[in-house]
Each structure stands twice: as C-alpha cells, then as structure tokens.
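Heads up, final-v2.cif below (mmCIF, C-alpha atoms, pLDDT in the B column; chains and numbers go by the auth columns):
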```
data_data
#
loop_
_atom_site.group_PDB
_atom_site.id
_atom_site.type_symbol
_atom_site.label_atom_id
_atom_site.label_comp_id
_atom_site.label_asym_id
_atom_site.label_seq_id
_atom_site.Cartn_x
_atom_site.Cartn_y
_atom_site.Cartn_z
_atom_site.B_iso_or_equiv
_atom_site.auth_seq_id
_atom_site.auth_asym_id
ATOM 1 C CA MET A 1 -33.559 -144.789 -184.482 66.00 281 A
ATOM 2 C CA SER A 2 -34.666 -141.381 -185.559 89.00 282 A
ATOM 3 C CA ASN A 3 -38.361 -140.877 -184.795 93.00 283 A
ATOM 4 C CA LEU A 4 -41.203 -141.819 -182.466 95.00 284 A
ATOM 5 C CA LEU A 5 -42.070 -144.982 -184.403 94.00 285 A
ATOM 6 C CA ASP A 6 -38.444 -146.137 -184.214 93.00 286 A
ATOM 7 C CA LEU A 7 -38.481 -145.375 -180.480 94.00 287 A
ATOM 8 C CA ARG A 8 -41.609 -147.478 -179.976 95.00 288 A
ATOM 9 C CA ASN A 9 -40.017 -150.341 -181.929 95.00 289 A
ATOM 10 C CA ALA A 10 -36.818 -150.116 -179.856 95.00 290 A
ATOM 11 C CA VAL A 11 -38.835 -150.248 -176.615 96.00 291 A
ATOM 12 C CA GLU A 12 -40.683 -153.312 -177.896 96.00 292 A
ATOM 13 C CA GLU A 13 -37.341 -154.907 -178.804 96.00 293 A
ATOM 14 C CA MET A 14 -36.041 -154.158 -175.309 95.00 294 A
ATOM 15 C CA ASN A 15 -39.163 -155.630 -173.705 95.00 295 A
ATOM 16 C CA THR A 16 -38.812 -158.809 -175.788 96.00 296 A
ATOM 17 C CA GLY A 17 -35.064 -159.223 -175.417 95.00 297 A
ATOM 18 C CA PHE A 18 -34.696 -158.063 -171.817 93.00 298 A
ATOM 19 C CA PRO A 19 -37.842 -158.799 -169.774 91.00 299 A
ATOM 20 C CA ARG A 20 -38.122 -156.984 -166.446 89.00 300 A
ATOM 21 C CA SER A 21 -39.341 -158.342 -163.139 89.00 301 A
ATOM 22 C CA PHE A 22 -41.735 -155.379 -162.802 89.00 302 A
ATOM 23 C CA GLY A 23 -43.207 -155.913 -166.290 92.00 303 A
ATOM 24 C CA PRO A 24 -42.682 -154.282 -169.658 95.00 304 A
ATOM 25 C CA ILE A 25 -41.630 -150.669 -170.005 94.00 305 A
ATOM 26 C CA SER A 26 -43.923 -148.356 -171.946 94.00 306 A
ATOM 27 C CA ILE A 27 -43.812 -144.934 -173.555 95.00 307 A
ATOM 28 C CA THR A 28 -46.227 -142.179 -172.590 94.00 308 A
ATOM 29 C CA ASP A 29 -48.215 -140.477 -175.324 94.00 309 A
ATOM 30 C CA PRO A 30 -46.275 -137.461 -176.598 94.00 310 A
ATOM 31 C CA LEU A 31 -47.158 -134.260 -174.765 92.00 311 A
ATOM 32 C CA ASP A 32 -47.422 -131.249 -177.096 92.00 312 A
ATOM 33 C CA ILE A 33 -45.654 -128.490 -175.168 90.00 313 A
ATOM 34 C CA SER A 34 -46.188 -125.921 -177.941 86.00 314 A
ATOM 35 C CA VAL A 35 -49.746 -125.382 -176.680 85.00 315 A
ATOM 36 C CA LYS A 36 -48.427 -124.631 -173.151 79.00 316 A
ATOM 37 C CA PRO A 37 -50.594 -127.298 -171.491 75.00 317 A
ATOM 38 C CA ASP A 38 -51.773 -126.778 -167.939 80.00 318 A
ATOM 39 C CA VAL A 39 -50.440 -130.127 -166.732 79.00 319 A
ATOM 40 C CA SER A 40 -47.401 -131.386 -164.882 81.00 320 A
ATOM 41 C CA TRP A 41 -44.545 -133.157 -166.621 81.00 321 A
ATOM 42 C CA PRO A 42 -45.267 -136.676 -167.867 82.00 322 A
ATOM 43 C CA SER A 43 -44.090 -139.260 -165.306 88.00 323 A
ATOM 44 C CA ASN A 44 -43.181 -136.285 -163.103 88.00 324 A
ATOM 45 C CA LYS A 45 -42.269 -138.127 -159.903 92.00 325 A
ATOM 46 C CA TYR A 46 -40.579 -141.182 -161.384 93.00 326 A
ATOM 47 C CA ALA A 47 -37.112 -142.126 -162.486 94.00 327 A
ATOM 48 C CA GLY A 48 -36.796 -143.091 -166.128 96.00 328 A
ATOM 49 C CA VAL A 49 -36.027 -141.778 -169.578 96.00 329 A
ATOM 50 C CA TYR A 50 -37.352 -138.681 -171.327 95.00 330 A
ATOM 51 C CA VAL A 51 -37.264 -137.988 -175.043 95.00 331 A
ATOM 52 C CA PHE A 52 -37.549 -134.652 -176.840 95.00 332 A
ATOM 53 C CA LEU A 53 -39.194 -134.705 -180.274 95.00 333 A
ATOM 54 C CA ASP A 54 -39.463 -132.007 -182.913 95.00 334 A
ATOM 55 C CA GLU A 55 -42.617 -131.100 -184.856 95.00 335 A
ATOM 56 C CA GLU A 56 -42.209 -134.136 -187.163 95.00 336 A
ATOM 57 C CA SER A 57 -41.736 -136.442 -184.137 95.00 337 A
ATOM 58 C CA ASP A 58 -38.045 -136.869 -184.929 94.00 338 A
ATOM 59 C CA ILE A 59 -35.896 -137.500 -181.874 94.00 339 A
ATOM 60 C CA LEU A 60 -33.822 -134.532 -180.735 93.00 340 A
ATOM 61 C CA TYR A 61 -32.553 -135.754 -177.378 93.00 341 A
ATOM 62 C CA ILE A 62 -32.730 -138.752 -175.052 94.00 342 A
ATOM 63 C CA GLY A 63 -32.003 -138.209 -171.370 93.00 343 A
ATOM 64 C CA LYS A 64 -32.415 -140.017 -168.079 95.00 344 A
ATOM 65 C CA ALA A 65 -33.382 -139.355 -164.514 94.00 345 A
ATOM 66 C CA SER A 66 -32.121 -142.014 -162.156 90.00 346 A
ATOM 67 C CA PHE A 67 -30.451 -141.739 -158.763 85.00 347 A
ATOM 68 C CA GLY A 68 -31.207 -138.622 -156.769 83.00 348 A
ATOM 69 C CA ASN A 69 -33.650 -137.117 -159.254 88.00 349 A
ATOM 70 C CA CYS A 70 -36.904 -137.701 -161.112 93.00 350 A
ATOM 71 C CA ILE A 71 -38.105 -136.980 -164.631 93.00 351 A
ATOM 72 C CA GLY A 72 -39.895 -133.827 -163.468 91.00 352 A
ATOM 73 C CA GLY A 73 -36.708 -132.495 -161.872 91.00 353 A
ATOM 74 C CA ARG A 74 -34.673 -133.114 -165.017 92.00 354 A
ATOM 75 C CA LEU A 75 -37.309 -131.444 -167.196 91.00 355 A
ATOM 76 C CA ASN A 76 -37.404 -128.453 -164.840 90.00 356 A
ATOM 77 C CA GLN A 77 -33.700 -127.991 -165.623 91.00 357 A
ATOM 78 C CA ARG A 78 -34.478 -127.774 -169.345 92.00 358 A
ATOM 79 C CA PHE A 79 -37.775 -125.822 -169.421 92.00 359 A
ATOM 80 C CA ASP A 80 -39.255 -122.973 -167.423 88.00 360 A
ATOM 81 C CA SER A 81 -42.760 -123.043 -165.935 83.00 361 A
ATOM 82 C CA SER A 82 -44.192 -121.685 -169.210 83.00 362 A
ATOM 83 C CA TRP A 83 -42.691 -124.604 -171.181 86.00 363 A
ATOM 84 C CA ASN A 84 -40.020 -122.396 -172.766 88.00 364 A
ATOM 85 C CA SER A 85 -36.621 -123.945 -173.419 91.00 365 A
ATOM 86 C CA LYS A 86 -33.831 -122.896 -171.084 91.00 366 A
ATOM 87 C CA SER A 87 -31.268 -125.451 -172.255 88.00 367 A
ATOM 88 C CA PRO A 88 -29.607 -126.190 -175.621 88.00 368 A
ATOM 89 C CA ASP A 89 -30.833 -129.796 -175.212 86.00 369 A
ATOM 90 C CA SER A 90 -34.462 -128.719 -175.471 90.00 370 A
ATOM 91 C CA LEU A 91 -34.248 -126.237 -178.355 91.00 371 A
ATOM 92 C CA GLY A 92 -36.710 -127.175 -181.097 92.00 372 A
ATOM 93 C CA CYS A 93 -38.653 -129.515 -178.812 94.00 373 A
ATOM 94 C CA LYS A 94 -42.384 -129.674 -179.519 95.00 374 A
ATOM 95 C CA TYR A 95 -43.230 -132.996 -177.844 95.00 375 A
ATOM 96 C CA ILE A 96 -42.001 -134.844 -174.771 95.00 376 A
ATOM 97 C CA THR A 97 -42.488 -138.536 -174.155 95.00 377 A
ATOM 98 C CA THR A 98 -41.246 -140.535 -171.180 96.00 378 A
ATOM 99 C CA ILE A 99 -40.529 -144.070 -170.010 96.00 379 A
ATOM 100 C CA ALA A 100 -41.010 -144.335 -166.256 95.00 380 A
ATOM 101 C CA VAL A 101 -39.546 -147.042 -164.018 94.00 381 A
ATOM 102 C CA PRO A 102 -40.628 -147.950 -160.478 92.00 382 A
ATOM 103 C CA ASP A 103 -38.656 -146.455 -157.589 90.00 383 A
ATOM 104 C CA THR A 104 -37.353 -149.919 -156.731 91.00 384 A
ATOM 105 C CA HIS A 105 -35.746 -150.091 -160.196 93.00 385 A
ATOM 106 C CA ARG A 106 -34.255 -146.596 -160.605 93.00 386 A
ATOM 107 C CA PHE A 107 -31.001 -148.276 -161.597 93.00 387 A
ATOM 108 C CA GLU A 108 -32.667 -149.395 -164.845 93.00 388 A
ATOM 109 C CA ALA A 109 -32.978 -145.839 -166.241 94.00 389 A
ATOM 110 C CA PRO A 110 -29.327 -145.614 -167.406 94.00 390 A
ATOM 111 C CA ALA A 111 -29.591 -149.048 -169.042 94.00 391 A
ATOM 112 C CA ILE A 112 -32.744 -148.046 -170.923 95.00 392 A
ATOM 113 C CA GLU A 113 -31.127 -144.796 -172.073 94.00 393 A
ATOM 114 C CA GLU A 114 -27.975 -146.627 -173.228 92.00 394 A
ATOM 115 C CA PHE A 115 -30.033 -149.232 -175.090 93.00 395 A
ATOM 116 C CA LEU A 116 -32.014 -146.550 -176.930 93.00 396 A
ATOM 117 C CA LEU A 117 -28.886 -144.548 -177.774 91.00 397 A
ATOM 118 C CA SER A 118 -27.188 -147.710 -179.062 89.00 398 A
ATOM 119 C CA LYS A 119 -29.855 -147.971 -181.755 85.00 399 A
ATOM 120 C CA GLU A 120 -28.616 -144.752 -183.322 71.00 400 A
ATOM 121 C CA PRO A 121 -26.355 -142.580 -181.216 65.00 401 A
ATOM 122 C CA LEU A 122 -27.514 -138.992 -180.971 67.00 402 A
ATOM 123 C CA LYS A 123 -25.429 -135.975 -180.171 57.00 403 A
ATOM 124 C CA ASN A 124 -27.009 -135.424 -176.792 60.00 404 A
ATOM 125 C CA SER A 125 -25.922 -131.815 -176.846 41.00 405 A
ATOM 126 C CA PRO A 126 -26.343 -129.442 -179.792 42.00 406 A
ATOM 127 C CA THR A 127 -23.103 -127.716 -178.743 42.00 407 A
ATOM 128 C CA LEU A 128 -20.964 -130.740 -179.643 39.00 408 A
ATOM 129 C CA PRO A 129 -19.244 -130.751 -183.076 39.00 409 A
#
```

As a first step, turn the structure in this file into structure tokens.
Amino acid sequence: MSNLLDLRNAVEEMNTGFPRSFGPISITDPLDISVKPDVSWPSNKYAGVYVFLDEESDILYIGKASFGNCIGGRLNQRFDSSWNSKSPDSLGCKYITTIAVPDTHRFEAPAIEEFLLSKEPLKNSPTLP
C-alpha cells in the first residue's frame, strides 16, 4: 500500500473481511493543508486513524488516536495552528485524510492502523534507519 488509491482499496478489503457492528469505515476526502484552509482538522473530535500524504498522494505516515485522545489532538501535536509541520512525522505532508470511529468503538482505531500497516509497513518515523 503506497498511495491514496491503495488506502481506499485496503479500507474496502477491511470492510468486506471484517464487518463492524456500527457499519463500514470510510475515508474522508483529502484535505489540502498547503493552502492553509480555515477549517478544523478532519474528524477532529473522534478517535480513529489519520494518514499523511505527499503532493502525489503517496502515503507518508499512518497514525492513530484511540484511548485518551482524538484525531484533532494528535494532529495538533504534529502541526501548528498555521498548518506548519512541527514533527518529523508530518514533514512533506500536503494532504491529510482520516478514518473516524464512534466513541463507543475507540478500541478499533489500533486494529485499523495495524491492518493498514500490514498491507505495506511504513517507517512511521523518518528518523528511523
């Protein structure tokens, strides 16, 4: 899995192979942060998975927000209020897409992240060799 299309296919595979009681998971449309949009983070108040994409929509990083935090909180750790990167994980990010889960199913976020990473493991930190 290396790009947005692969990500969409992996989510569809997960929905088919592992149905959820709350319904299928879905990916938000990619948010172009290079234009410094005047909006809040996608899926801001939910637990789930967030994905950083470069300008070609290739996946740079997959992360999760589960117990004790939300997607907005995790993204605030990686970007400032002007959408500038403040973490090695978010360097080169042009788009952000998310997969939110209901509060009653926060425990599913790590499983979704692991499933996506199992498709093609990423170095989830540019500082790793």

Which residues fall under the PyMOL selection byres ((chain A and resi 300) around 12) in this file, as a short mmCIF file (atom, residue, chain, number, x, y, z; two decimals) with C-alpha atoms, keeping the file's coordinate frame?
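For reference, part11.cif as written:
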```cif
data_model
loop_
_atom_site.label_atom_id
_atom_site.label_comp_id
_atom_site.auth_asym_id
_atom_site.auth_seq_id
_atom_site.Cartn_x
_atom_site.Cartn_y
_atom_site.Cartn_z
CA MET A 294 -36.04 -154.16 -175.31
CA ASN A 295 -39.16 -155.63 -173.70
CA THR A 296 -38.81 -158.81 -175.79
CA GLY A 297 -35.06 -159.22 -175.42
CA PHE A 298 -34.70 -158.06 -171.82
CA PRO A 299 -37.84 -158.80 -169.77
CA SER A 301 -39.34 -158.34 -163.14
CA PHE A 302 -41.74 -155.38 -162.80
CA GLY A 303 -43.21 -155.91 -166.29
CA PRO A 304 -42.68 -154.28 -169.66
CA ILE A 305 -41.63 -150.67 -170.00
CA SER A 306 -43.92 -148.36 -171.95
CA VAL A 381 -39.55 -147.04 -164.02
CA PRO A 382 -40.63 -147.95 -160.48
CA HIS A 385 -35.75 -150.09 -160.20
CA GLU A 388 -32.67 -149.40 -164.84
CA ALA A 391 -29.59 -149.05 -169.04
CA ILE A 392 -32.74 -148.05 -170.92
#
```

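Among the candidates A:Asp360, A:Gly343, A:Val315, A:Pro310, the one nearest to Phe395 (chain A) when counting all atoms listed in the file is A:Gly343.
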
Size and centre in Å, one decimal, axis-aligned box, all listed region 367-381 of chain A atoms plus 5 Å per side, as JSON:
```
{"center_x": -36.4, "center_y": -136.2, "center_z": -172.6, "size_x": 23.6, "size_y": 31.6, "size_z": 27.1}
```

**Request:** Find, counting all atoms listed in the file, the residue in A:Leu284, A:Asp334, A:Asn289, A:Ser370 that gets nearest to Asp309 (chain A).
**Result:** A:Leu284

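Minimum atom-to-atom distance to Ile342 (chain A), evaluated using all atoms listed in the file, belongs to A:Glu393 out of A:Arg288, A:Cys373, A:Val319, A:Glu393.
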
**Request:** Might you pull out every residue within 10 Å of Ser320 (chain A), with all atoms listed in the file counted and same-chain residues fewer than 4 positions away left off, and present them as JSON, numbers by chain?
**Result:** {"A": [324, 325, 352, 361]}

**Message:** Please determine, counting all atoms listed in the file, which residue among A:Leu311, A:Lys316, A:Ser398, A:Phe332 has the shortest atom-to-atom distance to Asn364 (chain A).
**Reply:** A:Lys316

**Selection near Arg358 (chain A), 12 Å with all atoms listed in the file, sequence-local residues under 5 positions removed, as a list in words** =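 Those residues are Trp321, Tyr330, Phe332, Tyr341, Gly343, Ile351, Gly352, Gly353, Trp363, Asn364, Ser365, Lys366, Ser367, Pro368, Asp369, Ser370, Leu371, Gly372, Cys373 and Ile376 of chain A.
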
For those residues, write C-alpha atoms to a file as a PDB file, in the frame of the given file.
```
ATOM      1  CA  TRP A 321     -44.545-133.157-166.621  1.00 81.00           C
ATOM      2  CA  TYR A 330     -37.352-138.681-171.327  1.00 95.00           C
ATOM      3  CA  PHE A 332     -37.549-134.652-176.840  1.00 95.00           C
ATOM      4  CA  TYR A 341     -32.553-135.754-177.378  1.00 93.00           C
ATOM      5  CA  GLY A 343     -32.003-138.209-171.370  1.00 93.00           C
ATOM      6  CA  ILE A 351     -38.105-136.980-164.631  1.00 93.00           C
ATOM      7  CA  GLY A 352     -39.895-133.827-163.468  1.00 91.00           C
ATOM      8  CA  GLY A 353     -36.708-132.495-161.872  1.00 91.00           C
ATOM      9  CA  TRP A 363     -42.691-124.604-171.181  1.00 86.00           C
ATOM     10  CA  ASN A 364     -40.020-122.396-172.766  1.00 88.00           C
ATOM     11  CA  SER A 365     -36.621-123.945-173.419  1.00 91.00           C
ATOM     12  CA  LYS A 366     -33.831-122.896-171.084  1.00 91.00           C
ATOM     13  CA  SER A 367     -31.268-125.451-172.255  1.00 88.00           C
ATOM     14  CA  PRO A 368     -29.607-126.190-175.621  1.00 88.00           C
ATOM     15  CA  ASP A 369     -30.833-129.796-175.212  1.00 86.00           C
ATOM     16  CA  SER A 370     -34.462-128.719-175.471  1.00 90.00           C
ATOM     17  CA  LEU A 371     -34.248-126.237-178.355  1.00 91.00           C
ATOM     18  CA  GLY A 372     -36.710-127.175-181.097  1.00 92.00           C
ATOM     19  CA  CYS A 373     -38.653-129.515-178.812  1.00 94.00           C
ATOM     20  CA  ILE A 376     -42.001-134.844-174.771  1.00 95.00           C
TER      21      ILE A 376
END
```
